[in-house]
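One file, query.cif, carrying mmCIF, C-alpha atoms:
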data_structure
loop_
_atom_site.label_atom_id
_atom_site.label_comp_id
_atom_site.auth_asym_id
_atom_site.auth_seq_id
_atom_site.Cartn_x
_atom_site.Cartn_y
_atom_site.Cartn_z
CA MET A 1 59.01 -35.91 -54.82
CA ARG A 2 58.28 -34.28 -51.49
CA PHE A 3 54.96 -35.05 -49.81
CA PRO A 4 52.86 -31.88 -49.25
CA ASN A 5 53.32 -30.58 -45.71
CA THR A 6 49.67 -29.65 -45.17
CA LEU A 7 47.24 -30.64 -42.43
CA PHE A 8 45.02 -32.37 -44.99
CA ALA A 9 47.89 -34.37 -46.50
CA ARG A 10 49.50 -35.31 -43.19
CA THR A 11 46.22 -36.30 -41.54
CA SER A 12 45.10 -38.30 -44.58
CA LEU A 13 48.43 -40.10 -44.77
CA THR A 14 48.40 -40.91 -41.06
CA ILE A 15 44.85 -42.27 -40.98
CA THR A 16 45.17 -44.13 -44.28
CA GLY A 17 48.50 -45.66 -43.25
CA ALA A 18 47.15 -46.77 -39.88
CA LEU A 19 44.02 -48.32 -41.41
CA ALA A 20 46.05 -49.97 -44.18
CA LEU A 21 48.32 -51.60 -41.61
CA PHE A 22 45.25 -52.73 -39.70
CA MET A 23 43.76 -54.22 -42.87
CA LEU A 24 47.01 -56.05 -43.65
CA PHE A 25 47.14 -57.44 -40.14
CA THR A 26 43.47 -58.46 -40.36
CA GLY A 27 44.05 -60.08 -43.77
CA PHE A 28 47.06 -61.97 -42.44
CA VAL A 29 45.06 -63.33 -39.50
CA ILE A 30 42.07 -64.30 -41.68
CA LEU A 31 44.31 -65.94 -44.29
CA ASN A 32 46.39 -67.98 -41.84
CA TYR A 33 43.74 -68.94 -39.31
CA ILE A 34 40.60 -69.22 -41.46
CA LEU A 35 41.09 -69.32 -45.23
CA LEU A 36 44.18 -71.53 -45.46
CA PRO A 37 42.93 -74.16 -42.96
CA VAL A 38 39.54 -74.25 -44.72
CA GLY A 39 41.23 -74.56 -48.13
CA LYS A 40 43.54 -77.26 -46.87
CA GLN A 41 40.67 -79.27 -45.43
CA SER A 42 38.72 -78.89 -48.68
CA ALA A 43 41.73 -80.14 -50.66
CA GLU A 44 42.02 -83.13 -48.29
CA ASP A 45 38.36 -84.00 -48.86
CA LEU A 46 38.70 -83.72 -52.64
CA ALA A 47 41.87 -85.86 -52.62
CA ALA A 48 40.10 -88.51 -50.55
CA LEU A 49 37.18 -88.53 -53.02
CA MET A 50 39.50 -88.83 -56.01
CA VAL A 51 41.58 -91.69 -54.52
CA LEU A 52 38.49 -93.53 -53.27
CA SER A 53 36.83 -93.17 -56.69
CA ALA A 54 39.93 -94.59 -58.42
CA LYS A 55 40.09 -97.58 -56.08
CA THR A 56 36.34 -98.21 -56.40
CA TRP A 57 36.52 -98.07 -60.19
CA ALA A 58 39.38 -100.60 -60.21
CA GLU A 59 37.42 -103.04 -58.05
CA LEU A 60 34.19 -102.83 -60.03
CA PRO A 61 33.32 -105.29 -62.78
CA VAL A 62 34.10 -104.02 -66.24
CA GLU A 63 30.41 -103.70 -67.20
CA ALA A 64 29.67 -101.53 -64.11
CA ARG A 65 32.50 -99.09 -64.59
CA SER A 66 30.72 -97.02 -67.27
CA ASP A 67 27.77 -96.32 -65.01
CA PHE A 68 30.11 -95.40 -62.16
CA GLN A 69 31.94 -92.92 -64.41
CA LYS A 70 28.64 -91.30 -65.39
CA GLU A 71 27.63 -91.04 -61.73
CA LEU A 72 30.88 -89.29 -60.85
CA ARG A 73 30.53 -86.88 -63.78
CA SER A 74 26.94 -85.90 -63.04
CA ASN A 75 27.03 -85.69 -59.23
CA HIS A 76 30.63 -84.83 -58.38
CA ASP A 77 32.06 -83.07 -61.47
CA LEU A 78 34.72 -85.77 -61.70
CA ILE A 79 35.97 -87.51 -64.84
CA LEU A 80 37.47 -90.94 -64.30
CA ASP A 81 38.93 -92.54 -67.41
CA PRO A 82 41.76 -94.98 -68.16
CA SER A 83 42.43 -93.05 -71.38
CA PRO A 84 44.15 -89.65 -71.31
CA PRO A 85 42.15 -86.55 -72.29
CA GLU A 86 42.54 -84.96 -75.70
CA GLY A 87 45.58 -82.76 -75.91
CA GLU A 88 48.92 -82.94 -74.19
CA LEU A 89 48.94 -82.78 -70.40
CA GLU A 90 51.26 -80.17 -68.88
CA PRO A 91 52.00 -79.61 -65.19
CA LEU A 92 50.69 -76.35 -63.74
CA SER A 93 53.22 -73.55 -64.15
CA LEU A 94 51.63 -71.44 -61.42
CA HIS A 95 50.11 -73.11 -58.40
CA SER A 96 47.45 -71.56 -56.24
CA PRO A 97 47.55 -72.50 -52.55
CA TYR A 98 44.59 -74.79 -53.09
CA MET A 99 46.39 -76.76 -55.84
CA LEU A 100 49.46 -77.06 -53.67
CA PHE A 101 47.29 -78.46 -50.88
CA LEU A 102 45.63 -80.85 -53.37
CA GLU A 103 48.96 -82.17 -54.70
CA GLU A 104 50.21 -82.63 -51.14
CA ALA A 105 47.06 -84.47 -50.08
CA LEU A 106 47.13 -86.76 -53.13
CA SER A 107 50.81 -87.54 -52.61
CA ASN A 108 50.23 -88.38 -48.95
CA ARG A 109 47.34 -90.70 -49.75
CA THR A 110 49.05 -92.57 -52.62
CA GLY A 111 52.54 -92.62 -51.19
CA GLN A 112 54.14 -91.19 -54.33
CA PRO A 113 54.61 -87.64 -55.64
CA LEU A 114 51.67 -86.57 -57.80
CA HIS A 115 51.04 -83.38 -59.75
CA VAL A 116 48.05 -81.54 -61.14
CA HIS A 117 48.01 -81.03 -64.95
CA ARG A 118 46.03 -79.11 -67.52
CA ALA A 119 45.19 -80.00 -71.14
CA GLU A 120 44.80 -77.50 -73.97
CA ASN A 121 41.52 -79.02 -75.14
CA THR A 122 39.94 -79.00 -71.66
CA PRO A 123 40.96 -75.67 -70.10
CA ASP A 124 38.29 -75.87 -67.37
CA TRP A 125 39.51 -79.22 -66.04
CA TYR A 126 42.42 -80.14 -63.78
CA TRP A 127 43.90 -83.62 -64.33
CA THR A 128 45.74 -85.98 -62.06
CA ILE A 129 47.18 -89.39 -62.91
CA LEU A 130 46.33 -91.84 -60.10
CA PRO A 131 47.62 -95.40 -59.79
CA ALA A 132 44.83 -98.00 -59.59
CA ALA A 133 45.79 -101.66 -59.26
CA ASP A 134 48.10 -102.36 -62.19
CA GLN A 135 47.15 -99.35 -64.33
CA GLU A 136 46.86 -95.58 -64.32
CA LEU A 137 43.64 -93.62 -64.22
CA PHE A 138 43.19 -90.06 -65.42
CA VAL A 139 41.02 -88.18 -62.93
CA GLY A 140 39.68 -84.77 -63.98
CA VAL A 141 38.22 -82.16 -61.61
CA HIS A 142 36.10 -79.38 -63.05
CA HIS A 143 36.90 -75.83 -62.01
CA ASP A 144 33.37 -75.41 -60.63
CA HIS A 145 33.94 -78.28 -58.24
CA ILE A 146 36.60 -76.25 -56.48
CA GLY A 147 34.12 -73.36 -56.23
CA ALA A 148 35.31 -70.65 -53.88
CA GLU A 149 38.80 -69.25 -54.17
CA PRO A 150 39.69 -68.01 -50.67
CA PRO A 151 43.01 -66.31 -51.59
CA ARG A 152 41.46 -64.41 -54.49
CA ALA A 153 38.48 -63.48 -52.33
CA ALA A 154 40.84 -62.22 -49.62
CA ILE A 155 42.76 -60.10 -52.11
CA ILE A 156 39.53 -58.61 -53.52
CA ILE A 157 38.26 -57.86 -50.03
CA LEU A 158 41.53 -56.20 -49.05
CA LEU A 159 41.65 -54.11 -52.21
CA GLY A 160 38.01 -53.07 -51.89
CA ALA A 161 38.40 -52.26 -48.20
CA SER A 162 41.57 -50.27 -48.90
CA LEU A 163 39.81 -48.20 -51.58
CA PHE A 164 36.83 -47.64 -49.29
CA ILE A 165 39.12 -46.62 -46.42
CA LEU A 166 41.06 -44.24 -48.64
CA LEU A 167 37.94 -42.48 -49.94
CA THR A 168 36.35 -42.33 -46.49
CA THR A 169 39.55 -40.96 -44.97
CA LEU A 170 39.86 -38.25 -47.60
CA LEU A 171 36.23 -37.25 -47.10
CA VAL A 172 36.43 -37.16 -43.30
CA VAL A 173 39.76 -35.34 -43.22
CA ARG A 174 38.49 -32.85 -45.79
CA ARG A 175 35.46 -32.07 -43.65
CA ILE A 176 37.75 -31.48 -40.68
CA THR A 177 40.44 -29.45 -42.39
CA HIS A 178 38.25 -27.31 -44.67
CA PRO A 179 37.00 -25.06 -41.82
CA LEU A 180 40.57 -24.84 -40.49
CA GLU A 181 41.81 -23.79 -43.91
CA ALA A 182 39.09 -21.12 -44.01
CA LEU A 183 40.21 -19.98 -40.56
CA SER A 184 43.82 -19.81 -41.75
CA ARG A 185 42.81 -17.73 -44.77
CA GLY A 186 40.77 -15.46 -42.50
CA VAL A 187 43.75 -14.91 -40.20
CA MET A 188 45.97 -14.11 -43.18
CA ARG A 189 43.43 -11.61 -44.53
CA LEU A 190 43.06 -10.05 -41.09
CA GLY A 191 46.82 -9.77 -40.68
CA SER A 192 47.36 -8.24 -44.11
CA SER A 193 44.45 -5.80 -44.28
CA GLY A 194 43.21 -5.44 -40.72
CA GLN A 195 39.63 -5.78 -42.01
CA HIS A 196 37.08 -8.17 -40.60
CA HIS A 197 35.96 -10.93 -42.98
CA PRO A 198 33.55 -13.14 -40.99
CA LEU A 199 33.82 -16.89 -41.32
CA PRO A 200 30.71 -19.07 -41.72
CA GLU A 201 29.74 -20.37 -38.29
CA THR A 202 28.64 -23.79 -39.54
CA GLY A 203 29.77 -27.40 -39.29
CA PRO A 204 30.48 -29.46 -36.15
CA GLU A 205 29.95 -27.63 -32.86
CA GLU A 206 33.67 -27.45 -32.06
CA LEU A 207 34.57 -25.88 -35.40
CA ALA A 208 31.51 -23.60 -35.36
CA SER A 209 32.52 -22.42 -31.88
CA LEU A 210 36.05 -21.80 -33.13
CA ALA A 211 34.66 -19.74 -36.04
CA ARG A 212 32.49 -17.72 -33.64
CA LYS A 213 35.48 -17.00 -31.42
CA PHE A 214 37.55 -15.96 -34.42
CA ASN A 215 34.80 -13.66 -35.69
CA GLN A 216 34.51 -12.10 -32.24
CA LEU A 217 38.27 -11.67 -32.01
CA SER A 218 38.55 -10.15 -35.48
CA ARG A 219 35.72 -7.71 -34.70
CA GLU A 220 37.49 -6.68 -31.50
CA ILE A 221 40.76 -6.19 -33.39
CA GLU A 222 38.98 -4.13 -36.03
CA GLN A 223 37.36 -2.03 -33.30
CA LEU A 224 40.72 -1.65 -31.58
CA LEU A 225 42.33 -0.40 -34.78
CA GLU A 226 39.43 1.97 -35.33
CA ASN A 227 39.73 3.26 -31.77
CA ARG A 228 43.45 3.78 -32.29
CA THR A 229 42.77 5.86 -35.39
CA ILE A 230 40.10 7.88 -33.56
CA LEU A 231 42.41 8.27 -30.57
CA LEU A 232 45.29 9.61 -32.64
CA GLY A 233 42.97 11.88 -34.60
CA GLY A 234 41.33 13.23 -31.46
CA ILE A 235 44.65 13.90 -29.77
CA SER A 236 46.00 15.75 -32.78
CA HIS A 237 42.81 17.77 -33.10
CA ASP A 238 42.47 18.64 -29.41
CA LEU A 239 46.12 19.56 -28.99
CA ARG A 240 46.06 21.83 -32.02
CA THR A 241 43.82 24.50 -30.36
CA PRO A 242 45.82 25.02 -27.12
CA LEU A 243 49.07 24.87 -29.07
CA ALA A 244 47.80 27.60 -31.38
CA ARG A 245 46.79 29.72 -28.39
CA LEU A 246 50.19 29.14 -26.82
CA GLY A 247 51.88 30.30 -30.03
CA ILE A 248 49.87 33.52 -30.09
CA ALA A 249 50.49 34.15 -26.40
CA ILE A 250 54.23 33.69 -26.81
CA GLU A 251 54.27 36.20 -29.65
CA LEU A 252 52.41 38.72 -27.49
CA LEU A 253 54.71 38.14 -24.53
CA GLN A 254 57.74 39.15 -26.56
CA ASP A 255 56.77 42.81 -26.13
CA LYS A 256 55.38 42.87 -22.58
CA GLU A 257 54.56 40.72 -19.57
CA ASP A 258 50.82 40.19 -19.26
CA PRO A 259 49.45 38.28 -16.21
CA VAL A 260 46.30 37.36 -18.12
CA LEU A 261 48.31 35.79 -20.92
CA LEU A 262 50.40 33.88 -18.40
CA ARG A 263 47.24 32.56 -16.78
CA ASP A 264 45.88 31.46 -20.16
CA ILE A 265 49.17 29.71 -20.91
CA ARG A 266 48.97 27.81 -17.64
CA ARG A 267 45.36 26.88 -18.40
CA ASP A 268 46.28 25.59 -21.85
CA LEU A 269 49.15 23.56 -20.40
CA GLU A 270 46.80 22.08 -17.81
CA GLU A 271 44.32 21.19 -20.56
CA MET A 272 47.02 19.43 -22.59
CA ASP A 273 48.35 17.69 -19.49
CA GLY A 274 44.87 16.46 -18.58
CA LEU A 275 44.18 15.29 -22.13
CA ILE A 276 47.47 13.41 -22.31
CA ALA A 277 46.85 11.85 -18.87
CA ARG A 278 43.39 10.60 -19.92
CA THR A 279 44.77 9.32 -23.22
CA LEU A 280 47.53 7.39 -21.45
CA GLU A 281 44.97 5.99 -19.03
CA LEU A 282 42.82 4.80 -21.92
CA ALA A 283 45.90 3.22 -23.56
CA ARG A 284 46.64 1.32 -20.33
CA LEU A 285 43.04 0.12 -20.20
CA MET A 286 43.23 -1.14 -23.79
CA LYS A 287 46.38 -3.01 -22.81
CA GLY A 288 44.41 -4.74 -20.03
CA ASP A 289 46.37 -3.72 -16.92
CA LYS A 290 44.90 -5.30 -13.74
CA THR A 291 44.52 -3.94 -10.23
CA PRO A 292 44.15 -6.08 -7.07
CA ALA A 293 40.68 -6.79 -5.69
CA GLU A 294 39.59 -6.60 -2.07
CA LYS A 295 36.39 -7.03 -0.08
CA ILE A 296 34.69 -3.66 0.47
CA ASP A 297 31.36 -2.23 1.56
CA LEU A 298 29.88 -0.44 -1.42
CA GLY A 299 27.68 1.80 0.69
CA GLU A 300 30.65 3.01 2.72
CA LEU A 301 32.64 3.67 -0.45
CA LEU A 302 29.80 5.80 -1.87
CA GLU A 303 29.56 7.77 1.36
CA ARG A 304 33.29 8.55 1.18
CA LEU A 305 32.95 9.55 -2.46
CA VAL A 306 30.13 12.01 -1.73
CA SER A 307 31.92 13.41 1.32
CA ALA A 308 35.09 14.02 -0.70
CA ARG A 309 33.06 15.96 -3.27
CA SER A 310 30.84 17.95 -0.91
CA ASN A 311 31.01 21.02 -3.16
CA ASP A 312 29.51 19.18 -6.16
CA ASN A 313 25.91 19.05 -4.87
CA LEU A 314 25.84 15.23 -4.55
CA GLU A 315 23.35 13.15 -2.61
CA THR A 316 23.51 9.41 -1.79
CA ARG A 317 20.58 7.05 -1.42
CA LEU A 318 21.57 3.74 0.10
CA PRO A 319 19.42 0.65 0.80
CA ALA A 320 17.99 0.24 4.27
CA GLN A 321 19.18 -3.36 4.41
CA GLU A 322 22.50 -4.58 5.75
CA ASN A 323 25.83 -3.58 4.22
CA CYS A 324 26.49 -4.50 0.57
CA TRP A 325 29.81 -6.34 0.31
CA ALA A 326 31.70 -7.01 -2.91
CA THR A 327 35.15 -8.39 -3.72
CA ILE A 328 36.30 -5.94 -6.37
CA SER A 329 39.01 -3.37 -7.10
CA PRO A 330 38.06 -0.17 -5.19
CA VAL A 331 40.47 1.89 -7.31
CA ILE A 332 38.66 0.95 -10.54
CA LEU A 333 35.21 1.45 -9.01
CA GLN A 334 36.17 4.92 -7.73
CA ARG A 335 37.58 5.81 -11.15
CA ILE A 336 34.33 4.78 -12.86
CA LEU A 337 32.12 6.62 -10.36
CA ASN A 338 34.23 9.78 -10.50
CA ASN A 339 33.97 9.80 -14.29
CA LEU A 340 30.19 9.31 -14.12
CA VAL A 341 29.85 12.09 -11.54
CA ASP A 342 32.07 14.41 -13.61
CA ASN A 343 29.92 13.69 -16.65
CA ALA A 344 26.75 14.41 -14.65
CA ILE A 345 28.18 17.70 -13.33
CA LEU A 346 29.27 18.76 -16.82
CA HIS A 347 25.98 17.96 -18.55
CA GLY A 348 23.44 17.63 -15.73
CA GLY A 349 22.60 21.28 -15.13
CA THR A 350 22.39 22.81 -11.67
CA GLY A 351 20.12 20.26 -9.99
CA THR A 352 21.12 17.74 -7.34
CA ILE A 353 23.01 14.66 -8.55
CA VAL A 354 21.82 11.49 -6.86
CA VAL A 355 24.08 8.46 -6.36
CA ARG A 356 21.84 5.46 -5.67
CA LEU A 357 22.81 1.92 -4.58
CA GLU A 358 20.64 -1.17 -5.02
CA CYS A 359 21.90 -4.52 -3.73
CA ASN A 360 20.80 -8.15 -3.48
CA ARG A 361 22.51 -11.53 -3.25
CA HIS A 362 23.32 -11.66 -6.96
CA ARG A 363 24.24 -8.14 -8.01
CA ALA A 364 24.86 -4.57 -6.94
CA ARG A 365 23.60 -1.66 -9.04
CA ILE A 366 25.02 1.86 -8.65
CA CYS A 367 23.26 4.65 -10.54
CA VAL A 368 24.30 8.28 -11.00
CA VAL A 369 21.20 10.36 -11.82
CA ASP A 370 21.25 13.98 -13.01
CA GLN A 371 18.58 16.47 -14.03
CA GLY A 372 20.11 17.68 -17.29
CA PRO A 373 18.84 17.44 -20.86
CA GLY A 374 19.91 13.82 -21.26
CA ILE A 375 21.37 12.29 -24.44
CA PRO A 376 19.58 11.90 -27.78
CA GLU A 377 18.49 8.29 -28.24
CA ASP A 378 20.54 7.88 -31.43
CA GLN A 379 23.67 8.96 -29.52
CA LEU A 380 23.42 6.64 -26.51
CA ASP A 381 25.72 4.01 -28.04
CA LYS A 382 28.06 6.48 -29.72
CA VAL A 383 29.08 8.36 -26.57
CA TYR A 384 31.35 5.42 -25.62
CA GLN A 385 33.56 6.05 -28.64
CA PRO A 386 36.81 7.94 -27.97
CA PHE A 387 36.55 11.73 -28.46
CA HIS A 388 32.85 11.59 -29.29
CA ARG A 389 31.15 14.73 -27.96
CA LEU A 390 27.58 15.87 -28.02
CA GLU A 391 28.78 19.49 -28.05
CA PRO A 392 30.37 19.93 -31.52
CA SER A 393 32.65 22.86 -30.68
CA ARG A 394 35.10 20.54 -28.88
CA ASN A 395 35.49 23.10 -26.12
CA LEU A 396 36.82 21.27 -23.07
CA ASN A 397 34.84 23.48 -20.73
CA THR A 398 31.49 22.61 -22.30
CA GLY A 399 32.03 19.30 -24.06
CA GLY A 400 34.71 17.60 -21.99
CA SER A 401 37.59 15.59 -23.40
CA GLY A 402 35.37 12.92 -24.96
CA LEU A 403 37.23 10.17 -23.08
CA GLY A 404 35.33 9.94 -19.79
CA LEU A 405 32.63 7.46 -20.86
CA THR A 406 35.12 5.59 -23.04
CA ILE A 407 37.28 4.96 -19.98
CA VAL A 408 34.19 3.95 -17.98
CA GLN A 409 33.19 1.37 -20.57
CA GLN A 410 36.72 -0.04 -20.93
CA LEU A 411 37.10 -0.38 -17.15
CA ALA A 412 33.68 -2.01 -16.78
CA GLU A 413 34.34 -4.55 -19.55
CA LEU A 414 37.72 -5.50 -18.08
CA GLN A 415 36.04 -6.25 -14.74
CA GLY A 416 33.05 -8.07 -16.21
CA TRP A 417 30.67 -5.29 -15.18
CA GLN A 418 27.93 -3.66 -17.25
CA ILE A 419 27.38 0.08 -17.83
CA ARG A 420 24.08 1.37 -19.15
CA LEU A 421 22.90 4.90 -20.01
CA GLU A 422 19.21 5.72 -20.22
CA ASN A 423 17.14 8.89 -20.38
CA ARG A 424 14.64 9.47 -17.56
CA SER A 425 11.03 10.16 -18.46
CA SER A 426 11.03 13.10 -16.04
CA GLY A 427 14.22 14.54 -17.52
CA GLY A 428 17.89 13.91 -17.01
CA LEU A 429 20.20 10.93 -17.54
CA ARG A 430 20.57 7.78 -15.47
CA ALA A 431 23.99 6.05 -15.70
CA CYS A 432 23.90 2.65 -13.99
CA LEU A 433 26.80 0.29 -13.25
CA THR A 434 25.87 -3.35 -12.56
CA ILE A 435 28.35 -5.46 -10.56
CA PRO A 436 27.78 -9.23 -10.26
CA LEU A 437 28.20 -10.61 -6.75
CA ASN A 438 29.21 -14.09 -5.60
CA ASP A 439 26.00 -14.57 -3.62
CA ALA A 440 26.71 -15.28 0.01
CA ALA A 441 30.47 -14.86 -0.29
CA ASP A 442 30.11 -11.16 -1.11
CA ALA A 443 26.99 -10.51 0.88
CA SER A 444 28.36 -11.86 4.18
#

Let me see the file written as structure tokens.
Amino acid sequence: MRFPNTLFARTSLTITGALALFMLFTGFVILNYILLPVGKQSAEDLAALMVLSAKTWAELPVEARSDFQKELRSNHDLILDPSPPEGELEPLSLHSPYMLFLEEALSNRTGQPLHVHRAENTPDWYWTILPAADQELFVGVHHDHIGAEPPRAAIIILLGASLFILLTTLLVVRRITHPLEALSRGVMRLGSSGQHHPLPETGPEELASLARKFNQLSREIEQLLENRTILLGGISHDLRTPLARLGIAIELLQDKEDPVLLRDIRRDLEEMDGLIARTLELARLMKGDKTPAEKIDLGELLERLVSARSNDNLETRLPAQENCWATISPVILQRILNNLVDNAILHGGTGTIVVRLECNRHRARICVVDQGPGIPEDQLDKVYQPFHRLEPSRNLNTGGSGLGLTIVQQLAELQGWQIRLENRSSGGLRACLTIPLNDAADAS
């Protein structure tokens, strides 16, 4: 029969086996260095008492022997009699260590081999035939005189300890492996269905932390699968309109060459190219591609950004303090800011767009503020989803591709930054990017 190859079975077997070996070793040491020497010394003392009693009885006057026998019976549980007990005496068929020690001690003290016997009519007594002067005496020792039985006690202790160890091991191992089994089942369910089934975040701190990490991971995987579905659906939907227009234009071009149609075809191709480029960029972000970091002045980077987009009615407001340094990826920061500015231009109306920088030793905060209608409060969290648009017509000229803020959020999360959108009380939207700084290292 093959032993189950499970964590519970293997761990239980290992711990139980190790503790059982330890108990056997402990029992061996106790038996050889405590119980057997104590038992041997006790047998020596009893043998000395029996031999001394036999010699004393032989030397006493005949009239005093009866009283001596009564004294031995009442105080020492010894029977001393020149007559054999009732029933036939038979040598012990199975000797305990104590009886072996007793026979050895008696033989050493009398100088002749002696044995311990039992009689059918006195099952609780052990009998020995001792020589006394010119006769033999039958000396009986009651079982209660021997009292403790060290070997039997050792066996009982070992068996009880082994049972206790086994039950304790099974209980402890079960408490350890049960959360791991639940985690294994959760992984199997996640792999087969792709749906998130949260595990209970209970038990010891290490296992509870593991369950929390698994729940977080499974939620992220579920979100990733949902984003993939939305991504594919958005691409198919957004490509369908320009492809339809291209089909109509090609049919019309079969009869004549129309510059307007050719311009529309180029525009549709540019729209599809831009959509595909943004989709591929989002796919790279989901994959987690990294870009190198370098130490830059955030204020100088914002000035360059505004100068490069001088036709977009941008204005920068920088702190009056010293330069704000940060060790980050300038490529990623520029990509985020360009997306935020594009979003502000698309939805922020005709007013001036302000790019503001706030900086201290712990963080830098860059905000892009427009004067548009803002975003409904119930949509502030949804605008990060791929292809989510506030303008339902899905016209790229009025609603955008629906990927700009998604890319911003993905980039910010990969860098450990935080993006936050909030409506201004005076009108417009404020989009703020918070970048943690390494105190003096980035501020110097």

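Relative to atom CA of Ser83 of chain A, atom CA of Arg109 of chain A is found at 22.3 Å.
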
Legend entry - Point-to-point distance in Å for atom CA of Val172 of chain A and atom CA of Leu210 of chain A: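 These atoms are spaced 18.4 Å apart.
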
Legend entry - Residues returned when the PyMOL selection byres ((chain A and resi 15) around 12) runs on this file, as a list in words: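 With the shown file as input, the PyMOL selection byres ((chain A and resi 15) around 12) matches Leu7, Phe8, Ala9, Arg10, Thr11, Ser12, Leu13, Thr14, Thr16, Gly17, Ala18, Leu19, Ala20, Leu21, Phe22, Ser162, Ile165, Leu166, Leu167, Thr168, Thr169, Leu170, Leu171, Val172 and Val173 of chain A.
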
Inset, instruction - Evaluate the PyMOL selection byres ((chain A and resi 128-142) around 8) on the structure here and hand back the selected residues as a PyMOL selection string. - result: chain A and resi 50-51+54-55+58+77-85+110+114-117+124-127+143-146

Legend entry - Exercise: segment 377-384 of chain A partners within 7 Å, only C-alpha atoms, chain neighbours under 5 positions left out, as a PyMOL selection string: chain A and resi 389+405-406+409+421

Inset, instruction - Please identify all polymer residues within 12 Å of Ser425 of chain A, counting all atoms listed in the file, omitting same-chain residues fewer than 6 positions from it, and present them as a PyMOL selection string. - result: chain A and resi 371-374

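With distances taken from (26.3, 18.8, -12.5) and restricted to only C-alpha atoms, the residues inside 10 Å are Asp312, Asn313, Leu314, Val341, Asp342, Asn343, Ala344, Ile345, Leu346, His347, Gly348, Gly349, Thr350, Gly351, Thr352, Ile353, Val369, Asp370, Gln371 and Gly372 of chain A.
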
Legend entry - Contact residues around Gln334 of chain A with all atoms listed in the file at 9 Å, ignoring same-chain residues under 3 positions, as a PyMOL selection string: chain A and resi 301-302+305+329-331+337-339

Legend entry - Top pick for closest residue to Arg335 of chain A, considering A:Val62, A:Cys359, A:Leu159, A:Leu411 and counting only C-alpha atoms: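 Between A:Val62, A:Cys359, A:Leu159, A:Leu411, the residue approaching Arg335 of chain A most closely is A:Leu411.
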
Inset, instruction - Using only C-alpha atoms, determine which residues lie at most 12 Å from Leu94 of chain A, disregarding the query and same-chain residues fewer than 4 positions distant; provide the list as a ChimeraX atom specification. - result: /A:90,98-100,116-118
